[in-house]
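Participant: Here you go, this is final_24.txt (compact mmCIF, C-alpha atoms).
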```txt
# COMPACT_ATOMS: atom_id res chain seq x y z
CA MET A 3 11.66 -7.89 20.23
CA HIS A 4 11.65 -5.01 17.75
CA MET A 5 11.88 -7.51 14.89
CA GLU A 6 8.85 -9.40 16.23
CA ARG A 7 6.84 -6.18 16.54
CA SER A 8 7.89 -5.09 13.10
CA ALA A 9 6.92 -8.45 11.61
CA ALA A 10 3.58 -8.35 13.45
CA TRP A 11 2.87 -4.84 12.18
CA SER A 12 3.87 -5.84 8.66
CA ALA A 13 1.51 -8.83 8.79
CA ALA A 14 -1.29 -6.70 10.24
CA LEU A 15 -0.92 -4.17 7.43
CA ALA A 16 -0.93 -6.84 4.75
CA VAL A 17 -3.91 -8.69 6.23
CA ALA A 18 -5.92 -5.49 6.70
CA THR A 19 -5.38 -4.23 3.20
CA VAL A 20 -5.82 -7.62 1.54
CA GLY A 21 -9.02 -7.99 3.53
CA GLY A 22 -10.02 -4.70 1.96
CA SER A 23 -9.59 -6.21 -1.47
CA LEU A 24 -12.17 -8.83 -0.55
CA VAL A 25 -14.65 -6.14 0.46
CA ALA A 26 -14.01 -3.86 -2.51
CA ALA A 27 -12.57 -6.06 -5.24
CA CYS A 28 -10.83 -3.47 -7.39
CA LEU A 29 -10.05 -0.91 -4.70
CA MET A 30 -7.00 -2.45 -3.05
CA PRO A 31 -5.42 0.43 -1.09
CA PHE A 32 -1.84 -0.04 -2.27
CA VAL A 33 -0.89 3.61 -1.72
CA ALA A 34 -2.19 3.65 1.86
CA LEU A 35 -0.35 0.38 2.50
CA ALA A 36 2.79 1.86 0.93
CA ALA A 37 2.51 4.94 3.14
CA MET A 38 2.27 2.89 6.31
CA ALA A 39 4.96 0.43 5.27
CA ALA A 40 7.36 3.17 4.14
CA SER A 41 6.87 5.24 7.28
CA THR A 42 6.87 2.48 9.90
CA LEU A 43 8.97 -0.45 8.66
CA PRO A 44 12.59 -1.00 7.69
CA ARG A 45 13.03 -0.87 3.90
CA ARG A 46 13.35 -4.63 3.35
CA GLU A 47 10.26 -5.39 5.43
CA GLY A 48 8.34 -2.59 3.75
CA ILE A 49 9.07 -3.96 0.29
CA THR A 50 8.28 -7.48 1.46
CA THR A 51 4.97 -6.28 2.90
CA MET A 52 4.10 -4.65 -0.42
CA LEU A 53 4.98 -7.77 -2.40
CA ILE A 54 3.07 -10.11 -0.10
CA ALA A 55 -0.02 -7.88 -0.21
CA TRP A 56 0.21 -7.64 -4.00
CA ALA A 57 0.62 -11.41 -4.39
CA ALA A 58 -2.29 -12.08 -2.03
CA ASN A 59 -4.43 -9.55 -3.89
CA GLN A 60 -3.67 -11.25 -7.19
CA ALA A 61 -4.31 -14.71 -5.73
CA ILE A 62 -7.68 -13.54 -4.41
CA GLY A 63 -8.51 -12.00 -7.77
CA PHE A 64 -7.69 -15.09 -9.80
CA THR A 65 -9.20 -17.61 -7.38
CA LEU A 66 -12.11 -16.06 -5.49
CA LEU A 67 -13.07 -13.22 -7.81
CA ASP A 68 -12.66 -15.16 -11.07
CA TYR A 69 -10.33 -12.75 -12.88
CA PRO A 70 -9.84 -14.09 -16.40
CA LEU A 71 -6.55 -15.90 -16.84
CA ASP A 72 -5.37 -14.10 -19.95
CA ALA A 73 -2.40 -12.01 -21.03
CA ALA A 74 -4.18 -8.68 -20.56
CA THR A 75 -5.23 -9.43 -16.98
CA LEU A 76 -1.81 -10.85 -16.09
CA GLY A 77 -0.19 -7.76 -17.58
CA TRP A 78 -2.38 -5.45 -15.52
CA GLY A 79 -1.59 -7.51 -12.44
CA ILE A 80 2.14 -7.06 -13.00
CA ALA A 81 1.63 -3.35 -13.73
CA ILE A 82 -0.24 -2.97 -10.44
CA GLY A 83 2.67 -4.61 -8.61
CA VAL A 84 5.16 -2.26 -10.26
CA ALA A 85 2.90 0.71 -9.51
CA ALA A 86 2.60 -0.33 -5.85
CA LEU A 87 6.40 -0.51 -5.57
CA ALA A 88 6.70 2.88 -7.30
CA ALA A 89 4.30 4.36 -4.74
CA TYR A 90 6.34 2.78 -1.94
CA ALA A 91 9.60 4.16 -3.35
CA ALA A 92 8.18 7.67 -3.75
CA ILE A 93 6.76 7.69 -0.24
CA ARG A 94 9.89 6.16 1.26
CA ALA A 95 12.07 8.82 -0.39
CA VAL A 96 10.15 11.49 1.51
CA THR A 97 9.60 9.68 4.81
CA GLU A 98 13.28 8.78 5.15
CA ARG A 99 14.04 12.49 5.45
CA THR A 100 10.96 13.78 7.28
CA HIS A 101 8.63 12.65 10.02
CA GLY A 102 5.14 13.59 11.12
CA LEU A 103 1.64 13.57 9.78
CA LEU A 104 1.86 16.42 7.26
CA PRO A 105 4.98 15.10 5.50
CA LEU A 106 3.37 11.65 5.42
CA LEU A 107 0.23 13.07 3.81
CA GLY A 108 2.32 14.90 1.22
CA ALA A 109 4.38 11.78 0.59
CA SER A 110 1.17 9.78 0.19
CA ALA A 111 -0.09 12.23 -2.44
CA LEU A 112 3.21 11.84 -4.26
CA GLY A 113 2.87 8.06 -3.96
CA PHE A 114 -0.63 8.21 -5.42
CA VAL A 115 0.65 10.19 -8.40
CA ALA A 116 3.49 7.69 -8.93
CA TYR A 117 1.05 4.78 -8.69
CA GLU A 118 -1.39 6.26 -11.17
CA LEU A 119 1.35 7.37 -13.59
CA VAL A 120 2.80 3.86 -13.77
CA LEU A 121 -0.64 2.41 -14.44
CA TYR A 122 -1.47 5.10 -16.98
CA ALA A 123 1.84 4.50 -18.79
CA TYR A 124 1.08 0.77 -18.93
CA GLY A 125 -2.45 1.50 -20.15
CA ALA A 126 -1.17 3.90 -22.79
CA ALA A 127 1.31 1.32 -24.04
CA GLY A 128 -1.41 -1.35 -24.21
CA GLY A 129 -4.35 0.79 -25.26
CA GLY A 130 -6.24 0.70 -22.00
CA THR A 131 -6.59 4.21 -20.60
CA GLY A 132 -10.40 4.27 -20.57
CA ALA A 133 -10.52 3.74 -16.80
CA PHE A 134 -8.52 6.89 -16.14
CA THR A 135 -11.46 9.26 -16.01
CA GLN A 136 -11.54 12.07 -13.48
CA ALA A 137 -14.39 10.38 -11.61
CA ILE A 138 -12.59 7.03 -11.32
CA VAL A 139 -9.26 8.55 -10.28
CA ALA A 140 -11.09 10.70 -7.71
CA LEU A 141 -12.83 7.58 -6.34
CA LEU A 142 -9.47 5.80 -6.06
CA ALA A 143 -7.94 8.81 -4.31
CA LYS A 144 -10.83 8.93 -1.85
CA ASN A 145 -10.41 5.21 -1.17
CA GLU A 146 -6.70 5.70 -0.45
CA VAL A 147 -7.35 8.65 1.88
CA LEU A 148 -9.96 6.71 3.84
CA TRP A 149 -7.71 3.67 4.13
CA LEU A 150 -4.74 5.78 5.19
CA ALA A 151 -6.85 7.46 7.87
CA GLY A 152 -8.05 4.08 9.10
CA LEU A 153 -4.56 2.60 9.18
CA LEU A 154 -3.22 5.64 11.04
CA ILE A 155 -5.99 5.26 13.63
CA VAL A 156 -5.20 1.56 14.04
CA ARG A 157 -1.51 2.32 14.46
CA GLU A 158 -2.21 4.95 17.12
CA ALA A 159 -4.59 2.61 18.94
CA VAL A 160 -1.98 -0.14 18.96
CA LEU A 161 0.70 2.23 20.22
CA ARG A 162 -1.54 3.53 23.00
CA PHE A 163 -3.39 0.45 24.13
CA VAL A 164 -1.16 -2.57 23.54
CA PRO A 165 1.15 -2.91 26.54
CA GLY A 166 4.84 -2.80 25.70
CA TRP A 167 4.30 -1.88 22.09
CA ALA A 168 6.54 0.87 20.83
CA PRO A 169 7.51 1.76 17.30
CA ALA A 170 10.42 -0.35 16.15
CA PRO A 171 13.42 1.58 14.91
CA ARG A 172 13.05 2.08 11.19
CA ALA A 173 16.53 1.24 9.97
CA ALA A 174 17.34 1.59 6.29
CA ALA A 175 17.94 -2.15 5.83
```
Please, can you express the file's structure as structure tokens?
Facilitator:
Amino acid sequence: MHMERSAAWSAALAVATVGGSLVAACLMPFVALAAMAASTLPRREGITTMLIAWAANQAIGFTLLDYPLDAATLGWGIAIGVAALAAYAAIRAVTERTHGLLPLLGASALGFVAYELVLYAYGAAGGGTGAFTQAIVALLAKNEVLWLAGLLIVREAVLRFVPGWAPAPRAAA
């Protein structure tokens, strides 16, 4: 039963955030997704959720949003996947040891820094750091905060209003 709930929550997170990528093409909330996955799912399911959301985001980009199929775009796609996993790892490192809203918010900030640093490092290696302006990074941070707030509200609503739903134990596996 816990496994079914965990899988349902994992799917709900992935669908919600991938849906967000359809609404705001380049503003996929990978850090907010990482925060929820790291704080509510077992490690393996959290990583799987991140990978599925990343793959779906890339599939949407290359099919529906007509991303160019070239080396630069593929490279950025891979870098985004690595950055999303770095955010997950940073957040998971904190949430494994602490619980509650304030530690999650702090962990999410750390995850955002990890995410952006990985992307900046890739951009610096490939000559593409022009998108790392203060205004753009602030917009991305705002997007992540809003998504995290929304996902936290959805989680609380599910916990309160769906009969029999309780948080599944978050084992390390």
Participant: Between A:Leu154, A:Ala14, A:Ala9, A:Ala85, which has the minimum distance to A:Leu103 (counting only C-alpha atoms)?
Facilitator: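 Residue with the minimum atom-to-atom distance to A:Leu103: A:Leu154.
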Participant: Can I get the residues of stretch 52-99 of chain A within 8 Å of stretch 116-138 of chain A, each with the closest pair of atoms and their distance in Å to one decimal, using only C-alpha atoms, sorted chain first then ascending number, as JSON lines?
Facilitator:
```
{"residue": "A:Trp78", "atom": "CA", "partner": "A:Tyr124", "partner_atom": "CA", "distance": 7.9}
{"residue": "A:Ala81", "atom": "CA", "partner": "A:Leu121", "partner_atom": "CA", "distance": 6.2}
{"residue": "A:Ile82", "atom": "CA", "partner": "A:Leu121", "partner_atom": "CA", "distance": 6.7}
{"residue": "A:Val84", "atom": "CA", "partner": "A:Val120", "partner_atom": "CA", "distance": 7.4}
{"residue": "A:Ala85", "atom": "CA", "partner": "A:Tyr117", "partner_atom": "CA", "distance": 4.5}
{"residue": "A:Ala86", "atom": "CA", "partner": "A:Tyr117", "partner_atom": "CA", "distance": 6.0}
{"residue": "A:Ala88", "atom": "CA", "partner": "A:Ala116", "partner_atom": "CA", "distance": 6.0}
{"residue": "A:Ala89", "atom": "CA", "partner": "A:Tyr117", "partner_atom": "CA", "distance": 5.1}
{"residue": "A:Ala92", "atom": "CA", "partner": "A:Ala116", "partner_atom": "CA", "distance": 7.0}
```
Participant: Dump C-alpha atoms for the selected residues as a PDB file, keeping the file's coordinate frame?
Facilitator:
```pdb
ATOM      1  CA  TRP A  78      -2.380  -5.450 -15.520  1.00  0.00           C
ATOM      2  CA  ALA A  81       1.630  -3.350 -13.730  1.00  0.00           C
ATOM      3  CA  ILE A  82      -0.240  -2.970 -10.440  1.00  0.00           C
ATOM      4  CA  VAL A  84       5.160  -2.260 -10.260  1.00  0.00           C
ATOM      5  CA  ALA A  85       2.900   0.710  -9.510  1.00  0.00           C
ATOM      6  CA  ALA A  86       2.600  -0.330  -5.850  1.00  0.00           C
ATOM      7  CA  ALA A  88       6.700   2.880  -7.300  1.00  0.00           C
ATOM      8  CA  ALA A  89       4.300   4.360  -4.740  1.00  0.00           C
ATOM      9  CA  ALA A  92       8.180   7.670  -3.750  1.00  0.00           C
TER      10      ALA A  92
END
```
Participant: Pull the neighbourhood of (12.1, -0.6, 2.0) for me: all residues within 10 Å in file coordinates, counting only C-alpha atoms, as a list in words.
Facilitator: Ala36, Ala39, Ala40, Ser41, Thr42, Leu43, Pro44, Arg45, Arg46, Glu47, Gly48, Ile49, Thr50, Thr51, Met52, Leu87, Tyr90, Ala91, Arg94, Ala95, Glu98, Arg172, Ala173, Ala174 and Ala175 of chain A
Participant: Here is a test: counting all atoms listed in the file, which residue of A:Leu35, A:Met30, A:Leu112, A:Leu53 is nearest to A:Ala151?
Facilitator: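 Nearest to A:Ala151: A:Leu35.
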Participant: Name the residues in contact with A:Arg157 at a cut-off of 12 Å, using only C-alpha atoms, excluding same-chain residues fewer than 5 positions from it; report them as a compact mmCIF listing (two decimals) with C-alpha atoms, keeping the file's coordinate frame.
Facilitator:
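Wrote it out as out16.txt, contents follow:
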```
# COMPACT_ATOMS: atom_id res chain seq x y z
CA ALA A 10 3.58 -8.35 13.45
CA TRP A 11 2.87 -4.84 12.18
CA SER A 12 3.87 -5.84 8.66
CA ALA A 14 -1.29 -6.70 10.24
CA LEU A 15 -0.92 -4.17 7.43
CA ALA A 18 -5.92 -5.49 6.70
CA MET A 38 2.27 2.89 6.31
CA ALA A 39 4.96 0.43 5.27
CA SER A 41 6.87 5.24 7.28
CA THR A 42 6.87 2.48 9.90
CA LEU A 150 -4.74 5.78 5.19
CA ALA A 151 -6.85 7.46 7.87
CA GLY A 152 -8.05 4.08 9.10
CA ARG A 162 -1.54 3.53 23.00
CA PHE A 163 -3.39 0.45 24.13
CA VAL A 164 -1.16 -2.57 23.54
CA TRP A 167 4.30 -1.88 22.09
CA ALA A 168 6.54 0.87 20.83
CA PRO A 169 7.51 1.76 17.30
```
